[in-house]
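Structure file coords05.pdb (PDB, C-alpha atoms) follows.
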ATOM      1  CA  MET U   1     114.715  78.416  91.575  1.00  0.00           C
ATOM      2  CA  GLU U   2     113.186  79.629  94.834  1.00  0.00           C
ATOM      3  CA  ALA U   3     113.271  83.086  96.384  1.00  0.00           C
ATOM      4  CA  THR U   4     111.786  84.865  99.360  1.00  0.00           C
ATOM      5  CA  ASP U   5     111.235  88.612  99.337  1.00  0.00           C
ATOM      6  CA  HIS U   6     112.112  90.759 102.339  1.00  0.00           C
ATOM      7  CA  LEU U   7     109.363  92.184 104.532  1.00  0.00           C
ATOM      8  CA  ARG U   8     107.208  94.762 102.812  1.00  0.00           C
ATOM      9  CA  CYS U   9     104.003  96.628 103.570  1.00  0.00           C
ATOM     10  CA  GLU U  10     100.901  97.081 101.452  1.00  0.00           C
ATOM     11  CA  ARG U  11      98.176  99.671 101.917  1.00  0.00           C
ATOM     12  CA  LYS U  12      95.137  99.305  99.701  1.00  0.00           C
ATOM     13  CA  PHE U  13      92.363 101.528  98.383  1.00  0.00           C
ATOM     14  CA  LEU U  14      89.254 100.259  96.605  1.00  0.00           C
ATOM     15  CA  ILE U  15      87.993 103.111  94.407  1.00  0.00           C
ATOM     16  CA  SER U  16      84.577 102.948  92.764  1.00  0.00           C
ATOM     17  CA  ASP U  17      83.667 106.600  92.181  1.00  0.00           C
ATOM     18  CA  LEU U  18      86.445 107.624  89.761  1.00  0.00           C
ATOM     19  CA  ALA U  19      87.485 106.457  86.315  1.00  0.00           C
ATOM     20  CA  THR U  20      90.963 104.996  85.838  1.00  0.00           C
ATOM     21  CA  HIS U  21      92.325 108.123  84.125  1.00  0.00           C
ATOM     22  CA  GLU U  22      91.015 110.287  86.978  1.00  0.00           C
ATOM     23  CA  ILE U  23      92.814 108.123  89.548  1.00  0.00           C
ATOM     24  CA  GLU U  24      95.998 108.395  87.494  1.00  0.00           C
ATOM     25  CA  GLU U  25      95.724 112.183  87.630  1.00  0.00           C
ATOM     26  CA  VAL U  26      95.501 112.035  91.428  1.00  0.00           C
ATOM     27  CA  ILE U  27      98.614 109.824  91.537  1.00  0.00           C
ATOM     28  CA  LEU U  28     100.622 112.091  89.233  1.00  0.00           C
ATOM     29  CA  LEU U  29      99.683 115.201  91.247  1.00  0.00           C
ATOM     30  CA  HIS U  30     100.839 113.642  94.536  1.00  0.00           C
ATOM     31  CA  PRO U  31     103.601 115.668  96.291  1.00  0.00           C
ATOM     32  CA  SER U  32     105.827 112.561  96.350  1.00  0.00           C
ATOM     33  CA  LEU U  33     106.108 112.974  92.576  1.00  0.00           C
ATOM     34  CA  PHE U  34     105.035 109.529  91.422  1.00  0.00           C
ATOM     35  CA  SER U  35     105.805 108.757  87.785  1.00  0.00           C
ATOM     36  CA  PRO U  36     104.915 105.781  85.560  1.00  0.00           C
ATOM     37  CA  ILE U  37     107.357 102.873  85.392  1.00  0.00           C
ATOM     38  CA  TYR U  38     107.330  99.692  83.297  1.00  0.00           C
ATOM     39  CA  HIS U  39     104.447  99.259  80.893  1.00  0.00           C
ATOM     40  CA  GLU U  40     100.802  98.461  81.498  1.00  0.00           C
ATOM     41  CA  ARG U  41     100.186  94.718  81.370  1.00  0.00           C
ATOM     42  CA  PHE U  42      97.607  92.066  82.171  1.00  0.00           C
ATOM     43  CA  VAL U  43      98.097  90.023  85.335  1.00  0.00           C
ATOM     44  CA  ASN U  44      96.576  86.526  85.606  1.00  0.00           C
ATOM     45  CA  ASN U  45      96.262  84.480  88.797  1.00  0.00           C
ATOM     46  CA  ILE U  46      95.063  81.026  89.786  1.00  0.00           C
ATOM     47  CA  TYR U  47      94.359  80.909  93.529  1.00  0.00           C
ATOM     48  CA  PHE U  48      94.485  77.762  95.637  1.00  0.00           C
ATOM     49  CA  ASP U  49      92.655  76.987  98.864  1.00  0.00           C
ATOM     50  CA  SER U  50      91.579  74.074 101.026  1.00  0.00           C
ATOM     51  CA  LEU U  51      88.247  72.301 100.579  1.00  0.00           C
ATOM     52  CA  GLU U  52      86.973  74.336 103.541  1.00  0.00           C
ATOM     53  CA  PHE U  53      88.215  77.611 101.987  1.00  0.00           C
ATOM     54  CA  GLN U  54      90.502  78.215 104.950  1.00  0.00           C
ATOM     55  CA  SER U  55      92.464  81.018 103.272  1.00  0.00           C
ATOM     56  CA  TYR U  56      89.254  82.809 102.274  1.00  0.00           C
ATOM     57  CA  HIS U  57      87.779  82.666 105.784  1.00  0.00           C
ATOM     58  CA  GLU U  58      91.044  83.661 107.491  1.00  0.00           C
ATOM     59  CA  ASN U  59      91.310  86.715 105.247  1.00  0.00           C
ATOM     60  CA  LEU U  60      87.659  87.600 105.752  1.00  0.00           C
ATOM     61  CA  ASP U  61      88.021  87.291 109.545  1.00  0.00           C
ATOM     62  CA  GLY U  62      91.343  89.164 109.667  1.00  0.00           C
ATOM     63  CA  VAL U  63      93.266  86.195 111.087  1.00  0.00           C
ATOM     64  CA  THR U  64      97.026  86.785 111.359  1.00  0.00           C
ATOM     65  CA  PRO U  65      99.367  85.460 110.310  1.00  0.00           C
ATOM     66  CA  ARG U  66      97.757  83.987 107.212  1.00  0.00           C
ATOM     67  CA  LYS U  67      98.900  82.589 103.880  1.00  0.00           C
ATOM     68  CA  LYS U  68      97.727  82.750 100.253  1.00  0.00           C
ATOM     69  CA  VAL U  69      98.894  80.475  97.417  1.00  0.00           C
ATOM     70  CA  ARG U  70      98.576  81.350  93.733  1.00  0.00           C
ATOM     71  CA  ILE U  71     100.099  80.850  90.294  1.00  0.00           C
ATOM     72  CA  ARG U  72     100.768  84.130  88.466  1.00  0.00           C
ATOM     73  CA  TRP U  73     101.685  84.989  84.886  1.00  0.00           C
ATOM     74  CA  TYR U  74     101.488  88.034  82.614  1.00  0.00           C
ATOM     75  CA  GLY U  75      99.967  88.611  79.190  1.00  0.00           C
ATOM     76  CA  ASP U  76      97.251  86.489  77.607  1.00  0.00           C
ATOM     77  CA  LEU U  77      94.956  84.448  79.806  1.00  0.00           C
ATOM     78  CA  THR U  78      95.103  81.419  77.516  1.00  0.00           C
ATOM     79  CA  GLY U  79      97.528  80.172  74.912  1.00  0.00           C
ATOM     80  CA  GLN U  80     101.235  79.787  75.634  1.00  0.00           C
ATOM     81  CA  VAL U  81     101.943  80.777  79.230  1.00  0.00           C
ATOM     82  CA  LYS U  82     105.583  81.830  79.625  1.00  0.00           C
ATOM     83  CA  GLU U  83     107.376  82.009  82.953  1.00  0.00           C
ATOM     84  CA  PRO U  84     104.486  81.221  85.310  1.00  0.00           C
ATOM     85  CA  VAL U  85     105.408  81.541  88.984  1.00  0.00           C
ATOM     86  CA  LEU U  86     103.913  79.923  92.050  1.00  0.00           C
ATOM     87  CA  GLU U  87     103.715  82.476  94.866  1.00  0.00           C
ATOM     88  CA  VAL U  88     103.165  81.858  98.560  1.00  0.00           C
ATOM     89  CA  LYS U  89     102.185  85.156 100.143  1.00  0.00           C
ATOM     90  CA  LYS U  90     102.444  85.293 103.927  1.00  0.00           C
ATOM     91  CA  LYS U  91     100.897  88.250 105.691  1.00  0.00           C
ATOM     92  CA  SER U  92     100.334  89.674 109.165  1.00  0.00           C
ATOM     93  CA  GLY U  93      98.336  92.895 109.128  1.00  0.00           C
ATOM     94  CA  ILE U  94      99.794  95.091 106.372  1.00  0.00           C
ATOM     95  CA  VAL U  95     103.231  93.432 106.628  1.00  0.00           C
ATOM     96  CA  GLY U  96     104.064  90.461 104.461  1.00  0.00           C
ATOM     97  CA  LYS U  97     106.614  88.595 102.400  1.00  0.00           C
ATOM     98  CA  LYS U  98     106.389  86.516  99.269  1.00  0.00           C
ATOM     99  CA  GLU U  99     108.059  83.207  98.450  1.00  0.00           C
ATOM    100  CA  THR U 100     108.256  82.405  94.743  1.00  0.00           C
ATOM    101  CA  HIS U 101     108.830  79.191  92.781  1.00  0.00           C
ATOM    102  CA  ALA U 102     109.456  79.282  89.023  1.00  0.00           C
ATOM    103  CA  LEU U 103     107.289  76.895  86.995  1.00  0.00           C
ATOM    104  CA  PRO U 104     107.762  75.424  83.509  1.00  0.00           C
ATOM    105  CA  SER U 105     105.961  77.053  80.596  1.00  0.00           C
ATOM    106  CA  LEU U 106     102.628  75.544  79.592  1.00  0.00           C
ATOM    107  CA  ALA U 107      99.792  76.028  77.148  1.00  0.00           C
ATOM    108  CA  PHE U 108      96.153  76.622  78.085  1.00  0.00           C
ATOM    109  CA  GLU U 109      93.710  76.406  75.200  1.00  0.00           C
ATOM    110  CA  ASP U 110      90.103  77.570  75.540  1.00  0.00           C
ATOM    111  CA  PHE U 111      89.652  75.909  78.913  1.00  0.00           C
ATOM    112  CA  PHE U 112      91.503  75.121  82.110  1.00  0.00           C
ATOM    113  CA  SER U 113      91.681  71.640  83.567  1.00  0.00           C
ATOM    114  CA  ALA U 114      91.978  71.329  87.341  1.00  0.00           C
ATOM    115  CA  ASP U 115      94.149  68.236  86.859  1.00  0.00           C
ATOM    116  CA  GLU U 116      96.423  70.149  84.482  1.00  0.00           C
ATOM    117  CA  ILE U 117      96.776  72.988  86.967  1.00  0.00           C
ATOM    118  CA  LEU U 118      97.494  70.658  89.875  1.00  0.00           C
ATOM    119  CA  ASP U 119     100.028  68.709  87.826  1.00  0.00           C
ATOM    120  CA  LEU U 120     101.893  71.962  87.230  1.00  0.00           C
ATOM    121  CA  THR U 121     102.436  72.383  90.964  1.00  0.00           C
ATOM    122  CA  ASN U 122     104.390  69.113  91.057  1.00  0.00           C
ATOM    123  CA  HIS U 123     107.280  71.019  89.483  1.00  0.00           C
ATOM    124  CA  THR U 124     107.454  73.687  92.155  1.00  0.00           C
ATOM    125  CA  THR U 125     110.014  72.766  94.743  1.00  0.00           C
ATOM    126  CA  SER U 126     112.087  70.037  96.299  1.00  0.00           C
ATOM    127  CA  ASN U 127     110.803  71.062  99.733  1.00  0.00           C
ATOM    128  CA  GLU U 128     108.909  67.942 100.794  1.00  0.00           C
ATOM    129  CA  SER U 129     106.768  69.603 103.460  1.00  0.00           C
ATOM    130  CA  PHE U 130     105.666  72.311 101.031  1.00  0.00           C
ATOM    131  CA  THR U 131     104.840  69.724  98.348  1.00  0.00           C
ATOM    132  CA  LYS U 132     102.648  67.827 100.826  1.00  0.00           C
ATOM    133  CA  GLU U 133     100.879  71.071 101.709  1.00  0.00           C
ATOM    134  CA  LEU U 134     100.097  71.792  98.052  1.00  0.00           C
ATOM    135  CA  VAL U 135      98.491  68.380  97.640  1.00  0.00           C
ATOM    136  CA  LEU U 136      95.827  69.450 100.136  1.00  0.00           C
ATOM    137  CA  LEU U 137      94.897  72.534  98.081  1.00  0.00           C
ATOM    138  CA  GLU U 138      92.836  72.927  94.925  1.00  0.00           C
ATOM    139  CA  PRO U 139      92.296  75.769  92.416  1.00  0.00           C
ATOM    140  CA  THR U 140      89.364  77.857  93.646  1.00  0.00           C
ATOM    141  CA  LEU U 141      89.509  81.113  91.666  1.00  0.00           C
ATOM    142  CA  ILE U 142      91.058  82.618  88.545  1.00  0.00           C
ATOM    143  CA  ASN U 143      91.263  86.365  88.041  1.00  0.00           C
ATOM    144  CA  ARG U 144      92.684  88.790  85.503  1.00  0.00           C
ATOM    145  CA  TYR U 145      93.222  92.543  85.532  1.00  0.00           C
ATOM    146  CA  SER U 146      95.160  95.341  83.870  1.00  0.00           C
ATOM    147  CA  ARG U 147      97.970  96.816  86.004  1.00  0.00           C
ATOM    148  CA  LYS U 148      99.851 100.123  85.816  1.00  0.00           C
ATOM    149  CA  TYR U 149     102.932 100.944  87.905  1.00  0.00           C
ATOM    150  CA  PHE U 150     104.202 104.177  89.480  1.00  0.00           C
ATOM    151  CA  LEU U 151     107.287 105.004  91.571  1.00  0.00           C
ATOM    152  CA  SER U 152     107.913 107.922  93.930  1.00  0.00           C
ATOM    153  CA  ALA U 153     110.762 110.334  93.155  1.00  0.00           C
ATOM    154  CA  ASP U 154     112.825 108.991  96.086  1.00  0.00           C
ATOM    155  CA  GLY U 155     112.354 105.416  94.852  1.00  0.00           C
ATOM    156  CA  HIS U 156     111.006 104.152  98.178  1.00  0.00           C
ATOM    157  CA  TYR U 157     107.290 103.855  97.389  1.00  0.00           C
ATOM    158  CA  ARG U 158     105.617 102.005  94.536  1.00  0.00           C
ATOM    159  CA  ILE U 159     101.986 102.168  93.443  1.00  0.00           C
ATOM    160  CA  THR U 160     100.099  99.588  91.409  1.00  0.00           C
ATOM    161  CA  LEU U 161      96.742 100.516  89.896  1.00  0.00           C
ATOM    162  CA  ASP U 162      94.536  97.593  88.877  1.00  0.00           C
ATOM    163  CA  SER U 163      91.476  97.967  86.649  1.00  0.00           C
ATOM    164  CA  ASN U 164      89.246  95.809  84.437  1.00  0.00           C
ATOM    165  CA  VAL U 165      89.199  93.095  87.105  1.00  0.00           C
ATOM    166  CA  ILE U 166      87.478  89.883  85.979  1.00  0.00           C
ATOM    167  CA  PHE U 167      86.863  86.740  88.038  1.00  0.00           C
ATOM    168  CA  PHE U 168      86.370  83.141  86.905  1.00  0.00           C
ATOM    169  CA  PRO U 169      85.529  80.035  88.962  1.00  0.00           C
ATOM    170  CA  GLY U 170      88.560  77.892  89.710  1.00  0.00           C
ATOM    171  CA  ASP U 171      87.098  74.540  88.727  1.00  0.00           C
ATOM    172  CA  PRO U 172      87.304  73.456  85.049  1.00  0.00           C
ATOM    173  CA  PHE U 173      85.541  76.017  82.886  1.00  0.00           C
ATOM    174  CA  LEU U 174      85.184  77.216  79.321  1.00  0.00           C
ATOM    175  CA  THR U 175      86.957  80.555  79.133  1.00  0.00           C
ATOM    176  CA  MET U 176      84.888  81.836  76.221  1.00  0.00           C
ATOM    177  CA  PHE U 177      81.691  81.156  78.148  1.00  0.00           C
ATOM    178  CA  TYR U 178      82.684  83.518  80.943  1.00  0.00           C
ATOM    179  CA  THR U 179      84.242  86.355  78.936  1.00  0.00           C
ATOM    180  CA  SER U 180      80.817  87.946  78.539  1.00  0.00           C
ATOM    181  CA  GLU U 181      80.986  88.893  82.233  1.00  0.00           C
ATOM    182  CA  PRO U 182      81.715  92.651  82.464  1.00  0.00           C
ATOM    183  CA  PRO U 183      84.786  93.824  84.416  1.00  0.00           C
ATOM    184  CA  GLU U 184      84.267  94.986  87.976  1.00  0.00           C
ATOM    185  CA  ALA U 185      83.222  98.642  88.306  1.00  0.00           C
ATOM    186  CA  TYR U 186      86.105  99.605  90.575  1.00  0.00           C
ATOM    187  CA  CYS U 187      89.881 100.020  90.652  1.00  0.00           C
ATOM    188  CA  ILE U 188      92.302  98.876  93.330  1.00  0.00           C
ATOM    189  CA  LEU U 189      95.265 101.085  94.215  1.00  0.00           C
ATOM    190  CA  GLU U 190      98.049  99.565  96.323  1.00  0.00           C
ATOM    191  CA  LEU U 191     100.924 101.422  97.948  1.00  0.00           C
ATOM    192  CA  LYS U 192     103.910  99.078  98.448  1.00  0.00           C
ATOM    193  CA  TYR U 193     107.165  99.723 100.281  1.00  0.00           C
ATOM    194  CA  ASP U 194     109.824  98.180 102.499  1.00  0.00           C
ATOM    195  CA  HIS U 195     108.805  97.626 106.116  1.00  0.00           C
ATOM    196  CA  ALA U 196     111.601  99.975 107.213  1.00  0.00           C
ATOM    197  CA  LYS U 197     109.750 102.860 105.521  1.00  0.00           C
ATOM    198  CA  ASP U 198     106.429 102.268 107.279  1.00  0.00           C
ATOM    199  CA  GLY U 199     106.872 105.215 109.657  1.00  0.00           C
ATOM    200  CA  GLU U 200     106.712 107.668 106.763  1.00  0.00           C
ATOM    201  CA  ALA U 201     103.930 105.947 104.811  1.00  0.00           C
ATOM    202  CA  SER U 202     101.096 107.884 106.435  1.00  0.00           C
ATOM    203  CA  SER U 203     102.431 111.079 104.881  1.00  0.00           C
ATOM    204  CA  ILE U 204     101.916 109.377 101.524  1.00  0.00           C
ATOM    205  CA  THR U 205      98.420 107.994 102.146  1.00  0.00           C
ATOM    206  CA  ASN U 206      97.122 111.166 103.813  1.00  0.00           C
ATOM    207  CA  HIS U 207      97.453 113.019 100.519  1.00  0.00           C
ATOM    208  CA  PHE U 208      95.120 110.597  98.736  1.00  0.00           C
ATOM    209  CA  PRO U 209      91.383 111.467  98.737  1.00  0.00           C
ATOM    210  CA  PHE U 210      90.637 107.756  99.154  1.00  0.00           C
ATOM    211  CA  ARG U 211      89.800 105.636 102.172  1.00  0.00           C
ATOM    212  CA  LEU U 212      92.138 102.801 103.176  1.00  0.00           C
ATOM    213  CA  THR U 213      90.373  99.456 102.984  1.00  0.00           C
ATOM    214  CA  LYS U 214      90.854  95.703 103.020  1.00  0.00           C
ATOM    215  CA  SER U 215      90.650  94.878  99.323  1.00  0.00           C
ATOM    216  CA  SER U 216      91.689  91.280  98.832  1.00  0.00           C
ATOM    217  CA  LYS U 217      90.967  90.326  95.235  1.00  0.00           C
ATOM    218  CA  TYR U 218      90.728  86.724  96.373  1.00  0.00           C
ATOM    219  CA  VAL U 219      87.970  87.502  98.894  1.00  0.00           C
ATOM    220  CA  LEU U 220      86.152  89.758  96.406  1.00  0.00           C
ATOM    221  CA  GLY U 221      86.371  87.093  93.711  1.00  0.00           C
ATOM    222  CA  ILE U 222      85.248  84.139  95.818  1.00  0.00           C
ATOM    223  CA  SER U 223      82.291  86.178  97.111  1.00  0.00           C
ATOM    224  CA  LYS U 224      81.283  87.156  93.572  1.00  0.00           C
ATOM    225  CA  VAL U 225      81.647  83.674  92.060  1.00  0.00           C
ATOM    226  CA  HIS U 226      79.684  82.050  94.875  1.00  0.00           C
ATOM    227  CA  SER U 227      76.896  84.628  94.785  1.00  0.00           C
ATOM    228  CA  SER U 228      76.520  84.212  90.999  1.00  0.00           C
ATOM    229  CA  ARG U 229      75.936  80.480  91.453  1.00  0.00           C
ATOM    230  CA  GLN U 230      73.120  80.894  93.967  1.00  0.00           C
TER     231      GLN U 230
END
Output the file's structure in the form of structure tokens.
Amino acid sequence: MEATDHLRCERKFLISDLATHEIEEVILLHPSLFSPIYHERFVNNIYFDSLEFQSYHENLDGVTPRKKVRIRWYGDLTGQVKEPVLEVKKKSGIVGKKETHALPSLAFEDFFSADEILDLTNHTTSNESFTKELVLLEPTLINRYSRKYFLSADGHYRITLDSNVIFFPGDPFLTMFYTSEPPEAYCILELKYDHAKDGEASSITNHFPFRLTKSSKYVLGISKVHSSRQ
């Protein structure tokens, strides 16, 4: 199964001076009347990049258009992984779209194997050109965070609030060895909406006491993992 989302926009805020519950209070007091939807859950990602870290450098330099490839699943980091999805996120400025490919379930024990991860991508798609492109990529980063969801009263704007962000190197690693790393001391708030609603989005963001920022978790994670190895 393959699907491509329509164009959507994302505006991000990296918030380091408020606790998660304080940010939630700001969201719930917004005049657009955001309310919680779904349930809080853990999000896990394995990011892929070239040997030269092309995706990392393009994001860091603001190159557009650019592309990011990852495997995403929800729940536990290890153990039985149900319904993992390979996502290809294409972005130009704040506008992007996401192509998804369902993957078979798998089981990760106390460690990840790069070969095991790469073998999983062989089940992605019958698109030959895309398969050849994946062969040139390798897992470079794994991250995990807790996510809460909110929706505006008119249903046009969605907020995700990510906290307890943890990064792991993408090469084979012992999960238990790295769990002693404390979560990042910040939250990331993202406002997401259809591209057609972009003209009204400033009225949403202007009511937040936060500064818009580029907050790519992939860039933040690669920078952290590399600095910790020096």
Residue IDs satisfying the PyMOL selection byres ((chain U and resi 222-226) around 9), as a PyMOL selection string: chain U and resi 56+140-141+167-169+217-221+227-230
Expansion of the PyMOL selection byres ((chain U and resi 19) around 12) into residues, as number ranges by chain: U: 15-18, 20-26, 161-164, 185-188
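For the structure in this document, the set picked by the PyMOL selection byres ((chain U and resi 143) around 6) is U:Asn44, U:Asn45, U:Ile142, U:Arg144, U:Ile166, U:Phe167, U:Phe168.
Between CA of His30 in chain U and CA of Lys89 in chain U the separation is 29.1 Å.
The coordinates place CA of Arg70 in chain U at 15.7 Å from CA of Ser105 in chain U.
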Between CA of Glu138 in chain U and CA of Pro183 in chain U, distance in Å (one decimal): 24.7 Å
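Nearest residue to Glu87 in chain U, choosing from U:His207, U:Ile46, U:Thr64, U:Phe53 and counting only C-alpha atoms: U:Ile46.
Counting all atoms listed in the file and comparing U:Glu52, U:Glu184, U:Glu190, U:Glu10, the residue that lies closest to Ile159 in chain U is U:Glu190.
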Nearest residue to Lys148 in chain U from the set U:Arg41, U:Lys192, U:His101, U:His6 (distances using only C-alpha atoms): U:Arg41
Residue with smallest distance to Tyr74 in chain U - pool U:Leu134, U:Leu189, U:Leu51, U:Val43, counting all atoms listed in the file: U:Val43
Box in all listed atoms of range 20-26 of chain U, axis-aligned, with 5 Å more on each side; write out centre and edge lengths in Å to one decimal as lines of an AutoDock Vina configuration file.
center_x = 93.5
center_y = 108.6
center_z = 87.8
size_x = 15.0
size_y = 17.2
size_z = 17.3
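Among the candidates U:Val63, U:Val165, U:Leu151, U:Val85, the one nearest to Leu191 in chain U when counting only C-alpha atoms is U:Leu151.
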Who sits within 12 Å of Glu200 in chain U, all atoms listed in the file, same chain under 6 positions skipped, as number ranges by chain: U: 9, 32, 156-157, 193-194, 206
Just the selected residues (C-alpha atoms), exported as a PDB file, in the frame of the given file, please.
ATOM      1  CA  CYS U   9     104.003  96.628 103.570  1.00  0.00           C
ATOM      2  CA  SER U  32     105.827 112.561  96.350  1.00  0.00           C
ATOM      3  CA  HIS U 156     111.006 104.152  98.178  1.00  0.00           C
ATOM      4  CA  TYR U 157     107.290 103.855  97.389  1.00  0.00           C
ATOM      5  CA  TYR U 193     107.165  99.723 100.281  1.00  0.00           C
ATOM      6  CA  ASP U 194     109.824  98.180 102.499  1.00  0.00           C
ATOM      7  CA  ASN U 206      97.122 111.166 103.813  1.00  0.00           C
TER       8      ASN U 206
END
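Proximity to Ser152 in chain U was assessed for U:Gly62, U:Gly93, U:Pro31, U:Gly170 counting only C-alpha atoms; the smallest distance is recorded for U:Pro31.
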Just the residues within 6 Å of Gly96 in chain U, please, counting all atoms listed in the file, with nothing from its chain fewer than 4 positions along; format it as an mmCIF file with C-alpha atoms, in the frame of the given file.
data_model
loop_
_atom_site.group_PDB
_atom_site.id
_atom_site.type_symbol
_atom_site.label_atom_id
_atom_site.label_comp_id
_atom_site.auth_asym_id
_atom_site.auth_seq_id
_atom_site.Cartn_x
_atom_site.Cartn_y
_atom_site.Cartn_z
ATOM 1 C CA LEU U 7 109.363 92.184 104.532
ATOM 2 C CA ARG U 8 107.208 94.762 102.812
ATOM 3 C CA LYS U 90 102.444 85.293 103.927
ATOM 4 C CA LYS U 91 100.897 88.250 105.691
#
Take range 86-102 of chain U, bring it up to N, CA, C and O atoms, and give me the output as a PDB file, keeping the file's coordinate frame.
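Heads up, here's the output in selection.pdb:
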ATOM      1  N   LEU U  86     104.740  80.224  90.896  1.00  0.00           N
ATOM      2  CA  LEU U  86     103.913  79.923  92.050  1.00  0.00           C
ATOM      3  C   LEU U  86     104.355  80.816  93.199  1.00  0.00           C
ATOM      4  O   LEU U  86     105.539  80.883  93.520  1.00  0.00           O
ATOM      5  N   GLU U  87     103.411  81.542  93.791  1.00  0.00           N
ATOM      6  CA  GLU U  87     103.715  82.476  94.866  1.00  0.00           C
ATOM      7  C   GLU U  87     103.003  82.058  96.143  1.00  0.00           C
ATOM      8  O   GLU U  87     101.815  81.726  96.120  1.00  0.00           O
ATOM      9  N   VAL U  88     103.736  82.078  97.236  1.00  0.00           N
ATOM     10  CA  VAL U  88     103.165  81.858  98.560  1.00  0.00           C
ATOM     11  C   VAL U  88     103.306  83.172  99.306  1.00  0.00           C
ATOM     12  O   VAL U  88     104.406  83.584  99.662  1.00  0.00           O
ATOM     13  N   LYS U  89     102.183  83.833  99.523  1.00  0.00           N
ATOM     14  CA  LYS U  89     102.185  85.156 100.143  1.00  0.00           C
ATOM     15  C   LYS U  89     101.786  85.015 101.608  1.00  0.00           C
ATOM     16  O   LYS U  89     100.670  84.590 101.919  1.00  0.00           O
ATOM     17  N   LYS U  90     102.694  85.375 102.489  1.00  0.00           N
ATOM     18  CA  LYS U  90     102.444  85.293 103.927  1.00  0.00           C
ATOM     19  C   LYS U  90     102.276  86.699 104.469  1.00  0.00           C
ATOM     20  O   LYS U  90     103.085  87.579 104.182  1.00  0.00           O
ATOM     21  N   LYS U  91     101.225  86.891 105.283  1.00  0.00           N
ATOM     22  CA  LYS U  91     100.897  88.250 105.691  1.00  0.00           C
ATOM     23  C   LYS U  91     100.416  88.297 107.131  1.00  0.00           C
ATOM     24  O   LYS U  91      99.718  87.411 107.604  1.00  0.00           O
ATOM     25  N   SER U  92     100.822  89.382 107.817  1.00  0.00           N
ATOM     26  CA  SER U  92     100.334  89.674 109.165  1.00  0.00           C
ATOM     27  C   SER U  92     100.016  91.161 109.208  1.00  0.00           C
ATOM     28  O   SER U  92     100.927  91.993 109.184  1.00  0.00           O
ATOM     29  N   GLY U  93      98.720  91.499 109.233  1.00  0.00           N
ATOM     30  CA  GLY U  93      98.336  92.895 109.128  1.00  0.00           C
ATOM     31  C   GLY U  93      98.674  93.413 107.743  1.00  0.00           C
ATOM     32  O   GLY U  93      98.334  92.799 106.735  1.00  0.00           O
ATOM     33  N   ILE U  94      99.390  94.549 107.673  1.00  0.00           N
ATOM     34  CA  ILE U  94      99.794  95.091 106.372  1.00  0.00           C
ATOM     35  C   ILE U  94     101.205  94.651 105.989  1.00  0.00           C
ATOM     36  O   ILE U  94     101.708  95.013 104.930  1.00  0.00           O
ATOM     37  N   VAL U  95     101.852  93.863 106.859  1.00  0.00           N
ATOM     38  CA  VAL U  95     103.231  93.432 106.628  1.00  0.00           C
ATOM     39  C   VAL U  95     103.236  92.012 106.077  1.00  0.00           C
ATOM     40  O   VAL U  95     102.525  91.133 106.577  1.00  0.00           O
ATOM     41  N   GLY U  96     104.011  91.790 105.038  1.00  0.00           N
ATOM     42  CA  GLY U  96     104.064  90.461 104.461  1.00  0.00           C
ATOM     43  C   GLY U  96     105.358  90.198 103.722  1.00  0.00           C
ATOM     44  O   GLY U  96     106.218  91.069 103.587  1.00  0.00           O
ATOM     45  N   LYS U  97     105.498  88.975 103.256  1.00  0.00           N
ATOM     46  CA  LYS U  97     106.614  88.595 102.400  1.00  0.00           C
ATOM     47  C   LYS U  97     106.113  87.542 101.422  1.00  0.00           C
ATOM     48  O   LYS U  97     105.081  86.896 101.643  1.00  0.00           O
ATOM     49  N   LYS U  98     106.844  87.383 100.346  1.00  0.00           N
ATOM     50  CA  LYS U  98     106.389  86.516  99.269  1.00  0.00           C
ATOM     51  C   LYS U  98     107.484  85.539  98.874  1.00  0.00           C
ATOM     52  O   LYS U  98     108.598  85.936  98.559  1.00  0.00           O
ATOM     53  N   GLU U  99     107.147  84.268  98.885  1.00  0.00           N
ATOM     54  CA  GLU U  99     108.059  83.207  98.450  1.00  0.00           C
ATOM     55  C   GLU U  99     107.642  82.790  97.049  1.00  0.00           C
ATOM     56  O   GLU U  99     106.461  82.572  96.780  1.00  0.00           O
ATOM     57  N   THR U 100     108.595  82.707  96.130  1.00  0.00           N
ATOM     58  CA  THR U 100     108.256  82.405  94.743  1.00  0.00           C
ATOM     59  C   THR U 100     108.970  81.153  94.257  1.00  0.00           C
ATOM     60  O   THR U 100     110.099  80.866  94.661  1.00  0.00           O
ATOM     61  N   HIS U 101     108.291  80.415  93.378  1.00  0.00           N
ATOM     62  CA  HIS U 101     108.830  79.191  92.781  1.00  0.00           C
ATOM     63  C   HIS U 101     108.562  79.243  91.281  1.00  0.00           C
ATOM     64  O   HIS U 101     107.411  79.294  90.852  1.00  0.00           O
ATOM     65  N   ALA U 102     109.611  79.249  90.474  1.00  0.00           N
ATOM     66  CA  ALA U 102     109.456  79.282  89.023  1.00  0.00           C
ATOM     67  C   ALA U 102     108.850  77.968  88.540  1.00  0.00           C
ATOM     68  O   ALA U 102     109.190  76.888  89.035  1.00  0.00           O
TER      69      ALA U 102
END
